[in-house]
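Q: Contents of final23.pdb (PDB, C-alpha atoms and all ligand atoms) are below:
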```
ATOM      1  CA  MET J 115      22.606  -2.114  13.582  1.00  0.00           C
ATOM      2  CA  ILE J 116      21.614  -2.610   9.969  1.00  0.00           C
ATOM      3  CA  ASN J 117      22.714  -5.816   8.353  1.00  0.00           C
ATOM      4  CA  MET J 118      22.194  -6.811   4.718  1.00  0.00           C
ATOM      5  CA  PRO J 119      19.801  -4.595   2.745  1.00  0.00           C
ATOM      6  CA  ARG J 120      16.354  -6.173   2.665  1.00  0.00           C
ATOM      7  CA  THR J 121      13.600  -5.870   0.093  1.00  0.00           C
ATOM      8  CA  CYS J 122      11.005  -4.702   2.629  1.00  0.00           C
ATOM      9  CA  PHE J 123      10.584  -4.052   6.344  1.00  0.00           C
ATOM     10  CA  LEU J 124       8.556  -7.201   7.017  1.00  0.00           C
ATOM     11  CA  GLU J 125       6.953  -9.649   4.588  1.00  0.00           C
ATOM     12  CA  PRO J 126       3.157  -9.338   4.481  1.00  0.00           C
ATOM     13  CA  PRO J 127       1.383 -12.203   6.247  1.00  0.00           C
ATOM     14  CA  ARG J 128      -0.280 -14.923   4.192  1.00  0.00           C
ATOM     15  CA  GLU J 129      -3.619 -13.457   5.309  1.00  0.00           C
ATOM     16  CA  ALA J 130      -2.920 -10.289   3.320  1.00  0.00           C
ATOM     17  CA  HIS J 131      -2.508 -12.271   0.113  1.00  0.00           C
ATOM     18  CA  ASP J 132      -5.594 -14.312   1.003  1.00  0.00           C
ATOM     19  CA  ALA J 133      -7.494 -11.042   1.402  1.00  0.00           C
ATOM     20  CA  ALA J 134      -6.515  -9.982  -2.098  1.00  0.00           C
ATOM     21  CA  GLN J 135      -7.936 -13.254  -3.367  1.00  0.00           C
ATOM     22  CA  LEU J 136     -11.151 -12.680  -1.404  1.00  0.00           C
ATOM     23  CA  LEU J 137     -11.503  -9.136  -2.765  1.00  0.00           C
ATOM     24  CA  SER J 138     -10.996 -10.400  -6.275  1.00  0.00           C
ATOM     25  CA  MET J 139     -13.741 -12.977  -5.650  1.00  0.00           C
ATOM     26  CA  ALA J 140     -15.934 -10.178  -4.281  1.00  0.00           C
ATOM     27  CA  VAL J 141     -15.548  -8.174  -7.473  1.00  0.00           C
ATOM     28  CA  ASP J 142     -16.264 -11.224  -9.602  1.00  0.00           C
ATOM     29  CA  ALA J 143     -19.422 -11.901  -7.555  1.00  0.00           C
ATOM     30  CA  HIS J 144     -20.457  -8.258  -7.865  1.00  0.00           C
ATOM     31  CA  LEU J 145     -19.974  -8.270 -11.636  1.00  0.00           C
ATOM     32  CA  ALA J 146     -22.052 -11.467 -11.798  1.00  0.00           C
ATOM     33  CA  GLY J 147     -24.858  -9.697  -9.924  1.00  0.00           C
ATOM     34  CA  ASP J 148     -24.412 -11.509  -6.600  1.00  0.00           C
ATOM     35  CA  SER J 149     -24.069  -8.594  -4.193  1.00  0.00           C
ATOM     36  CA  ALA J 150     -24.665 -10.772  -1.118  1.00  0.00           C
ATOM     37  CA  ALA J 151     -21.610 -12.864  -1.953  1.00  0.00           C
ATOM     38  CA  ALA J 152     -19.586  -9.745  -2.737  1.00  0.00           C
ATOM     39  CA  ASP J 153     -20.527  -8.278   0.639  1.00  0.00           C
ATOM     40  CA  HIS J 154     -19.543 -11.535   2.361  1.00  0.00           C
ATOM     41  CA  PHE J 155     -16.113 -11.717   0.701  1.00  0.00           C
ATOM     42  CA  ILE J 156     -15.325  -8.051   1.434  1.00  0.00           C
ATOM     43  CA  ARG J 157     -16.103  -8.606   5.126  1.00  0.00           C
ATOM     44  CA  LYS J 158     -14.054 -11.794   5.207  1.00  0.00           C
ATOM     45  CA  ALA J 159     -11.030  -9.898   3.841  1.00  0.00           C
ATOM     46  CA  ASP J 160     -11.117  -7.500   6.815  1.00  0.00           C
ATOM     47  CA  ASN J 161      -8.707  -9.632   8.837  1.00  0.00           C
ATOM     48  CA  PRO J 162      -7.146  -8.319  12.084  1.00  0.00           C
ATOM     49  CA  ILE J 163      -3.918 -10.166  11.318  1.00  0.00           C
ATOM     50  CA  ILE J 164      -3.399  -7.758   8.404  1.00  0.00           C
ATOM     51  CA  ARG J 165      -3.896  -4.792  10.718  1.00  0.00           C
ATOM     52  CA  GLU J 166      -1.317  -6.195  13.141  1.00  0.00           C
ATOM     53  CA  TRP J 167       1.198  -6.333  10.291  1.00  0.00           C
ATOM     54  CA  THR J 168       0.385  -2.780   9.188  1.00  0.00           C
ATOM     55  CA  GLU J 169       0.584  -1.381  12.706  1.00  0.00           C
ATOM     56  CA  SER J 170       3.877  -3.156  13.384  1.00  0.00           C
ATOM     57  CA  ILE J 171       5.426  -1.277  10.451  1.00  0.00           C
ATOM     58  CA  TRP J 172       3.932   2.201  10.544  1.00  0.00           C
ATOM     59  CA  GLY J 173       3.344   2.391  14.274  1.00  0.00           C
ATOM     60  CA  ARG J 174       5.552   4.409  16.576  1.00  0.00           C
ATOM     61  CA  ASN J 175       8.920   2.788  17.351  1.00  0.00           C
ATOM     62  CA  SER J 176       8.425  -0.031  14.909  1.00  0.00           C
ATOM     63  CA  PRO J 177      10.684  -2.973  15.778  1.00  0.00           C
ATOM     64  CA  HIS J 178      11.233  -3.486  12.036  1.00  0.00           C
ATOM     65  CA  ILE J 179      12.633  -0.029  11.289  1.00  0.00           C
ATOM     66  CA  GLN J 180      15.910   1.015  12.845  1.00  0.00           C
ATOM     67  CA  ALA J 181      17.437   3.987  11.118  1.00  0.00           C
ATOM     68  CA  THR J 182      21.150   4.674  11.030  1.00  0.00           C
ATOM     69  CA  VAL J 183      20.554   8.424  11.255  1.00  0.00           C
ATOM     70  CA  GLN J 184      18.195  10.757  13.010  1.00  0.00           C
ATOM     71  CA  THR J 185      15.820  12.701  10.830  1.00  0.00           C
ATOM     72  CA  ILE J 186      12.925  14.932  11.653  1.00  0.00           C
ATOM     73  CA  SER J 187       9.809  13.297  10.332  1.00  0.00           C
ATOM     74  CA  GLN J 188       6.741  15.334   9.599  1.00  0.00           C
ATOM     75  CA  PRO J 189       3.281  14.292  10.770  1.00  0.00           C
ATOM     76  CA  VAL J 190       1.523  11.995   8.302  1.00  0.00           C
ATOM     77  CA  ALA J 191      -0.996  14.637   7.242  1.00  0.00           C
ATOM     78  CA  GLU J 192       1.756  17.004   6.159  1.00  0.00           C
ATOM     79  CA  ARG J 193       3.533  14.285   4.285  1.00  0.00           C
ATOM     80  CA  ILE J 194       0.368  13.458   2.356  1.00  0.00           C
ATOM     81  CA  ALA J 195      -0.069  17.117   1.511  1.00  0.00           C
ATOM     82  CA  ILE J 196       3.254  17.444  -0.306  1.00  0.00           C
ATOM     83  CA  ARG J 197       3.062  17.572  -4.059  1.00  0.00           C
ATOM     84  CA  MET J 198       1.894  14.249  -5.379  1.00  0.00           C
ATOM     85  CA  PRO J 199       2.119  13.009  -8.967  1.00  0.00           C
ATOM     86  CA  ASN J 200      -0.801  13.928 -11.193  1.00  0.00           C
ATOM     87  CA  ALA J 201      -3.168  11.368 -12.718  1.00  0.00           C
ATOM     88  CA  ALA J 202      -1.030  10.882 -15.834  1.00  0.00           C
ATOM     89  CA  GLU J 203       2.124  10.383 -13.759  1.00  0.00           C
ATOM     90  CA  LYS J 204       0.329   7.883 -11.512  1.00  0.00           C
ATOM     91  CA  GLY J 205      -0.965   6.036 -14.568  1.00  0.00           C
ATOM     92  CA  ALA J 206       2.558   5.777 -15.927  1.00  0.00           C
ATOM     93  CA  LEU J 207       3.801   4.384 -12.602  1.00  0.00           C
ATOM     94  CA  HIS J 208       1.110   1.681 -12.649  1.00  0.00           C
ATOM     95  CA  LEU J 209       1.973   0.820 -16.240  1.00  0.00           C
ATOM     96  CA  ARG J 210       5.548   0.236 -15.131  1.00  0.00           C
ATOM     97  CA  ASP J 211       4.957  -1.251 -11.661  1.00  0.00           C
ATOM     98  CA  GLY J 212       1.577  -2.920 -12.154  1.00  0.00           C
ATOM     99  CA  HIS J 213      -0.593  -3.103  -9.056  1.00  0.00           C
ATOM    100  CA  HIS J 214       1.893  -4.502  -6.566  1.00  0.00           C
ATOM    101  CA  CYS J 215       4.092  -2.868  -3.943  1.00  0.00           C
ATOM    102  CA  ARG J 216       7.626  -2.519  -5.292  1.00  0.00           C
ATOM    103  CA  PHE J 217       9.014  -3.343  -1.847  1.00  0.00           C
ATOM    104  CA  CYS J 218       6.952  -6.168  -0.316  1.00  0.00           C
ATOM    105  CA  GLY J 219       5.002  -7.281  -3.386  1.00  0.00           C
ATOM    106  CA  LEU J 220       1.584  -6.899  -1.790  1.00  0.00           C
ATOM    107  CA  PRO J 221      -1.272  -6.348  -4.281  1.00  0.00           C
ATOM    108  CA  VAL J 222      -2.452  -2.727  -4.094  1.00  0.00           C
ATOM    109  CA  ILE J 223      -5.713  -0.891  -4.835  1.00  0.00           C
ATOM    110  CA  ARG J 224      -6.019   2.762  -5.852  1.00  0.00           C
ATOM    111  CA  ALA J 225      -7.998   5.007  -3.513  1.00  0.00           C
ATOM    112  CA  GLU J 226     -10.395   5.878  -6.351  1.00  0.00           C
ATOM    113  CA  VAL J 227     -11.242   2.198  -6.832  1.00  0.00           C
ATOM    114  CA  ARG J 228     -11.714   1.721  -3.089  1.00  0.00           C
ATOM    115  CA  LYS J 229     -14.102   4.682  -2.965  1.00  0.00           C
ATOM    116  CA  THR J 230     -16.182   3.300  -5.825  1.00  0.00           C
ATOM    117  CA  ILE J 231     -16.473  -0.085  -4.104  1.00  0.00           C
ATOM    118  CA  ALA J 232     -17.225   1.588  -0.751  1.00  0.00           C
ATOM    119  CA  LYS J 233     -20.141   3.418  -2.337  1.00  0.00           C
ATOM    120  CA  ALA J 234     -21.663   0.120  -3.431  1.00  0.00           C
ATOM    121  CA  TYR J 235     -20.794  -1.770  -0.213  1.00  0.00           C
ATOM    122  CA  PRO J 236     -20.640   0.857   2.565  1.00  0.00           C
ATOM    123  CA  ASN J 237     -21.375  -1.612   5.372  1.00  0.00           C
ATOM    124  CA  ALA J 238     -18.758  -4.152   4.333  1.00  0.00           C
ATOM    125  CA  LEU J 239     -16.013  -1.723   3.284  1.00  0.00           C
ATOM    126  CA  THR J 240     -15.770   0.392   6.409  1.00  0.00           C
ATOM    127  CA  TRP J 241     -13.576   3.484   6.122  1.00  0.00           C
ATOM    128  CA  GLY J 242     -13.592   5.883   9.061  1.00  0.00           C
ATOM    129  CA  ARG J 243     -11.225   8.668  10.006  1.00  0.00           C
ATOM    130  CA  THR J 244      -9.126   6.612  12.403  1.00  0.00           C
ATOM    131  CA  ASN J 245      -6.761   3.835  11.380  1.00  0.00           C
ATOM    132  CA  LEU J 246      -8.670   1.294  13.453  1.00  0.00           C
ATOM    133  CA  SER J 247     -11.979   2.097  11.741  1.00  0.00           C
ATOM    134  CA  GLN J 248     -10.660   1.321   8.274  1.00  0.00           C
ATOM    135  CA  HIS J 249     -11.049  -2.038   6.545  1.00  0.00           C
ATOM    136  CA  ALA J 250      -7.736  -3.745   7.314  1.00  0.00           C
ATOM    137  CA  ALA J 251      -7.109  -5.128   3.823  1.00  0.00           C
ATOM    138  CA  PHE J 252      -8.078  -1.999   1.898  1.00  0.00           C
ATOM    139  CA  GLN J 253      -5.942   0.017   4.321  1.00  0.00           C
ATOM    140  CA  ALA J 254      -2.793  -2.078   3.891  1.00  0.00           C
ATOM    141  CA  MET J 255      -3.343  -2.418   0.134  1.00  0.00           C
ATOM    142  CA  TRP J 256      -3.952   1.316  -0.373  1.00  0.00           C
ATOM    143  CA  ALA J 257      -1.776   2.221  -3.391  1.00  0.00           C
ATOM    144  CA  GLN J 258       0.861   4.844  -2.626  1.00  0.00           C
ATOM    145  CA  TYR J 259       3.213   6.797  -4.852  1.00  0.00           C
ATOM    146  CA  ASP J 260       6.382   6.708  -2.823  1.00  0.00           C
ATOM    147  CA  HIS J 261       9.339   9.055  -3.330  1.00  0.00           C
ATOM    148  CA  LEU J 262      12.559   7.012  -3.104  1.00  0.00           C
ATOM    149  CA  VAL J 263      14.388  10.189  -2.137  1.00  0.00           C
ATOM    150  CA  PRO J 264      11.698  11.850  -0.023  1.00  0.00           C
ATOM    151  CA  HIS J 265      10.266  15.136  -1.221  1.00  0.00           C
ATOM    152  CA  SER J 266      11.411  16.750   2.020  1.00  0.00           C
ATOM    153  CA  ARG J 267      14.989  15.776   1.194  1.00  0.00           C
ATOM    154  CA  GLY J 268      15.044  17.050  -2.335  1.00  0.00           C
ATOM    155  CA  GLY J 269      13.410  14.164  -4.212  1.00  0.00           C
ATOM    156  CA  ASP J 270      11.229  15.049  -7.180  1.00  0.00           C
ATOM    157  CA  ASN J 271       8.276  13.422  -8.915  1.00  0.00           C
ATOM    158  CA  SER J 272      10.246  11.923 -11.779  1.00  0.00           C
ATOM    159  CA  ALA J 273       9.589   8.255 -12.573  1.00  0.00           C
ATOM    160  CA  ASP J 274      13.180   7.500 -11.529  1.00  0.00           C
ATOM    161  CA  ASN J 275      12.360   8.658  -8.032  1.00  0.00           C
ATOM    162  CA  MET J 276       8.905   7.131  -7.591  1.00  0.00           C
ATOM    163  CA  VAL J 277       7.475   3.671  -7.070  1.00  0.00           C
ATOM    164  CA  VAL J 278       4.053   2.194  -6.423  1.00  0.00           C
ATOM    165  CA  THR J 279       3.929   0.817  -2.888  1.00  0.00           C
ATOM    166  CA  CYS J 280       1.485  -0.409  -0.279  1.00  0.00           C
ATOM    167  CA  ALA J 281       0.593   1.885   2.620  1.00  0.00           C
ATOM    168  CA  PRO J 282       2.767   0.273   5.333  1.00  0.00           C
ATOM    169  CA  CYS J 283       5.898   0.334   3.164  1.00  0.00           C
ATOM    170  CA  ASN J 284       5.313   3.992   2.275  1.00  0.00           C
ATOM    171  CA  PHE J 285       4.380   5.388   5.672  1.00  0.00           C
ATOM    172  CA  GLY J 286       6.748   3.091   7.584  1.00  0.00           C
ATOM    173  CA  ARG J 287       9.814   4.606   5.906  1.00  0.00           C
ATOM    174  CA  MET J 288       8.772   8.150   6.798  1.00  0.00           C
ATOM    175  CA  ASP J 289      11.435  10.561   5.460  1.00  0.00           C
ATOM    176  CA  TYR J 290      14.373   8.197   5.582  1.00  0.00           C
ATOM    177  CA  LEU J 291      16.514   7.317   2.611  1.00  0.00           C
ATOM    178  CA  LEU J 292      16.587   3.639   1.590  1.00  0.00           C
ATOM    179  CA  ASP J 293      20.159   3.234   2.896  1.00  0.00           C
ATOM    180  CA  GLU J 294      19.283   4.726   6.233  1.00  0.00           C
ATOM    181  CA  VAL J 295      16.774   1.989   6.980  1.00  0.00           C
ATOM    182  CA  GLY J 296      18.637  -0.829   5.249  1.00  0.00           C
ATOM    183  CA  LEU J 297      16.328  -1.244   2.258  1.00  0.00           C
ATOM    184  CA  ALA J 298      17.587  -2.455  -1.112  1.00  0.00           C
ATOM    185  CA  HIS J 299      16.774  -0.263  -4.108  1.00  0.00           C
ATOM    186  CA  PRO J 300      13.522  -1.602  -5.620  1.00  0.00           C
ATOM    187  CA  PHE J 301      14.794  -1.069  -9.171  1.00  0.00           C
ATOM    188  CA  ALA J 302      17.243  -3.907  -8.516  1.00  0.00           C
ATOM    189  CA  ARG J 303      14.249  -6.248  -8.956  1.00  0.00           C
ATOM    190  CA  GLU J 304      11.711  -6.476 -11.759  1.00  0.00           C
ATOM    191  CA  PRO J 305       8.147  -5.398 -10.953  1.00  0.00           C
ATOM    192  CA  ILE J 306       5.787  -8.275 -10.204  1.00  0.00           C
ATOM    193  CA  ARG J 307       3.692  -9.286 -13.208  1.00  0.00           C
ATOM    194  CA  SER J 308       0.466 -11.026 -12.259  1.00  0.00           C
ATOM    195  CA  THR J 309      -3.210 -11.194 -13.107  1.00  0.00           C
ATOM    196  CA  TRP J 310      -4.000  -8.891 -10.160  1.00  0.00           C
ATOM    197  CA  ASP J 311      -5.560  -5.766 -11.705  1.00  0.00           C
ATOM    198  CA  GLY J 312      -6.010  -3.700  -8.540  1.00  0.00           C
ATOM    199  CA  LEU J 313      -9.764  -4.440  -8.789  1.00  0.00           C
ATOM    200  CA  GLU J 314      -9.845  -1.879 -11.608  1.00  0.00           C
ATOM    201  CA  ARG J 315     -12.525  -3.983 -13.353  1.00  0.00           C
ATOM    202  CA  PHE J 316     -15.114  -3.070 -10.701  1.00  0.00           C
ATOM    203  CA  ARG J 317     -18.083  -1.221 -12.231  1.00  0.00           C
TER     204      ARG J 317
HETATM  205 ZN    ZN V   1       4.680  -3.005   0.649  1.00  0.00          ZN
END
```
Turn this file's structure into structure tokens for me.
A:
Amino acid sequence: MINMPRTCFLEPPREAHDAAQLLSMAVDAHLAGDSAAADHFIRKADNPIIREWTESIWGRNSPHIQATVQTISQPVAERIAIRMPNAAEKGALHLRDGHHCRFCGLPVIRAEVRKTIAKAYPNALTWGRTNLSQHAAFQAMWAQYDHLVPHSRGGDNSADNMVVTCAPCNFGRMDYLLDEVGLAHPFAREPIRSTWDGLERFR
């Protein structure tokens, strides 16, 4: 049974917001030339409590996602392969949505930024092929461009149909419509405005 529409499947744990703070401190330390401190903060942000939250949402048979209909969901790899917005479209979405998930509010980081940081700190920012081998904070905070009406169900890449989200909120919904999983429309709330820049200042 679905009750009142909610803003997200499950609020991120405090540790996820703490991790964003730690990653911001890491970037500040890096920019100040203190790579040892940056390394330390990146490792400290890799908190298993964040992974538990992520897994509880995008894992199989999530207790937080009960759909009112049955739909055939494609494997994740196929869903990623569908047409995604181009760089200009993504830039426009970040201008509108900032660098926070439009559902749960979690700070997010673009994959390109993560890859740049991983090059400088490959031992601290682990990123393997399996979910469990990926840095828990960078994984959860991985910026997604989520189709409100899924591509597989006729949704297009217009700004009216897309929002910036975190990875759990995007992958957890699979190909369901918002109504089908009891989520409120994110446009009913203003985007979060904060000083969080998605670590875009990293050089
Ligand atoms: Zn989210």
Q: So that I can see what lies close to stretch 166-178 of chain J, please list as a list in words the residues with an atom at most 10 Å from it, counting only C-alpha atoms and leaving out residues fewer than 3 positions away in the same chain.
A: Cys122, Phe123, Leu124, Glu125, Pro126, Pro127, Glu129, Ala130, Asn161, Pro162, Ile163, Ala181, Asn245, Leu246, Ala250, Ala251, Gln253, Ala254, Met255, Cys280, Ala281, Pro282, Cys283, Asn284, Phe285, Gly286, Arg287, Met288 and Val295 of chain J
Q: Just the residues within 10 Å of J:Met198, please, counting only C-alpha atoms, with nothing from its chain fewer than 6 positions along; format it as a ChimeraX atom specification.
A: /J:204,258-261,265,270-271
Q: Report as a Markdown table the residues of chain J within 6 Å of ligand ZN 1 (chain V), each with its shortest atom pair and distance in Å (one decimal), using only C-alpha atoms and all ligand atoms, ordered by chain and increasing residue number.
A:
```
| residue | atom | partner | partner_atom | distance |
| --- | --- | --- | --- | --- |
| J:Cys215 | CA | V:ZN1 | ZN | 4.6 |
| J:Phe217 | CA | V:ZN1 | ZN | 5.0 |
| J:Cys218 | CA | V:ZN1 | ZN | 4.0 |
| J:Gly219 | CA | V:ZN1 | ZN | 5.9 |
| J:Leu220 | CA | V:ZN1 | ZN | 5.5 |
| J:Thr279 | CA | V:ZN1 | ZN | 5.3 |
| J:Cys280 | CA | V:ZN1 | ZN | 4.2 |
| J:Cys283 | CA | V:ZN1 | ZN | 4.4 |
```
Q: Would you save the residues from that selection as a compact mmCIF listing (two decimals), keeping the file's coordinate frame, using C-alpha atoms?
A:
```
# COMPACT_ATOMS: atom_id res chain seq x y z
CA CYS J 215 4.09 -2.87 -3.94
CA PHE J 217 9.01 -3.34 -1.85
CA CYS J 218 6.95 -6.17 -0.32
CA GLY J 219 5.00 -7.28 -3.39
CA LEU J 220 1.58 -6.90 -1.79
CA THR J 279 3.93 0.82 -2.89
CA CYS J 280 1.48 -0.41 -0.28
CA CYS J 283 5.90 0.33 3.16
```
Q: Determine the nearest neighbour of J:Leu291 from the options J:Gly212, J:Pro199, J:Gly147, J:Gly269, counting only C-alpha atoms.
A: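 Of the candidates, the smallest distance to J:Leu291 is held by J:Gly269.
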Q: Choose the residue, out of J:His299, J:His249, J:Thr309, J:Ile164, that has the smallest atom-to-atom separation from J:Arg128; count all atoms listed in the file.
A: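 Closest candidate: J:Ile164.
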Q: I'd like to know which of J:Asp160, J:Asp274, J:Asp153, J:Glu304 is closest to J:Phe252, using only C-alpha atoms.
A: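 Answer, going by the shortest atom-to-atom distance: J:Asp160.
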Q: Looking at all atoms listed in the file, which of J:Asp289, J:Ala146, J:Thr121, J:Tyr235 is the one that sits closest to J:Arg267?
A: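 Closest residue, counting all atoms listed in the file: J:Asp289.
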Q: Between atom CA of J:Gly312 and atom CA of J:Ser138, measure the distance and give it in Å to one decimal.
A: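 About the pair atom CA of J:Gly312 and atom CA of J:Ser138: they are 8.7 Å apart.
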Q: Would you mind telling me which residue in J:Ile179, J:Val141, J:Ala151, J:Leu297 lies nearest to J:Arg228 when using all atoms listed in the file?
A: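 Comparing J:Ile179, J:Val141, J:Ala151, J:Leu297 against J:Arg228, the winner is J:Val141.
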Q: Since I can't run it myself right now, could you work out what the PyMOL selection byres (((chain J and resi 308) around 9) and not hetatm) selects here and report it as an MDAnalysis selection string?
A: chainID J and resid 212:214 306:307 309:311
Q: Select, from J:Ser247, J:Val183, J:Lys233, J:Ala302, the residue with the minimum atom-to-atom distance to J:Arg165, counting only C-alpha atoms.
A: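 Using only C-alpha atoms, J:Arg165 sits closest to J:Ser247.
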Q: Around all the atoms of stretch 180-183 of chain J listed in the file, with 6 Å of room on each side, what axis-aligned box do you get, giving centre and edge lengths in Å to one decimal, as JSON?
A:
```
{"center_x": 18.5, "center_y": 4.7, "center_z": 11.9, "size_x": 17.2, "size_y": 19.4, "size_z": 13.8}
```
Q: In Å to one decimal, how far is atom CA of J:Leu313 from atom CA of J:Asn200?
A: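 Atom CA of J:Leu313 lies 20.6 Å from atom CA of J:Asn200.
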Q: What does the distance between atom CA of J:Glu226 and atom CA of J:Arg197 come to in Å, to one decimal place?
A: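 Atom CA of J:Glu226 sits 18.0 Å away from atom CA of J:Arg197.
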Q: Could you give me, as a list in words, the residues that sit within 9 Å of (-14.9, -8.8, 4.0) in the file's coordinates, counting all atoms listed in the file?
A: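 Checking each residue against the 9 Å limit leaves Ala133, Leu136, Leu137, Ala140, Ala152, Asp153, His154, Phe155, Ile156, Arg157, Lys158, Ala159, Asp160, Asn161, Ala238, Leu239, His249 and Ala251 of chain J.
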Q: Can you tell me, as an MDAnalysis selection string, what residues are no more than 8 Å from J:Ala273 when counting all atoms listed in the file, ignoring any on the same chain fewer than 4 positions away?
A: chainID J and resid 203 207 277
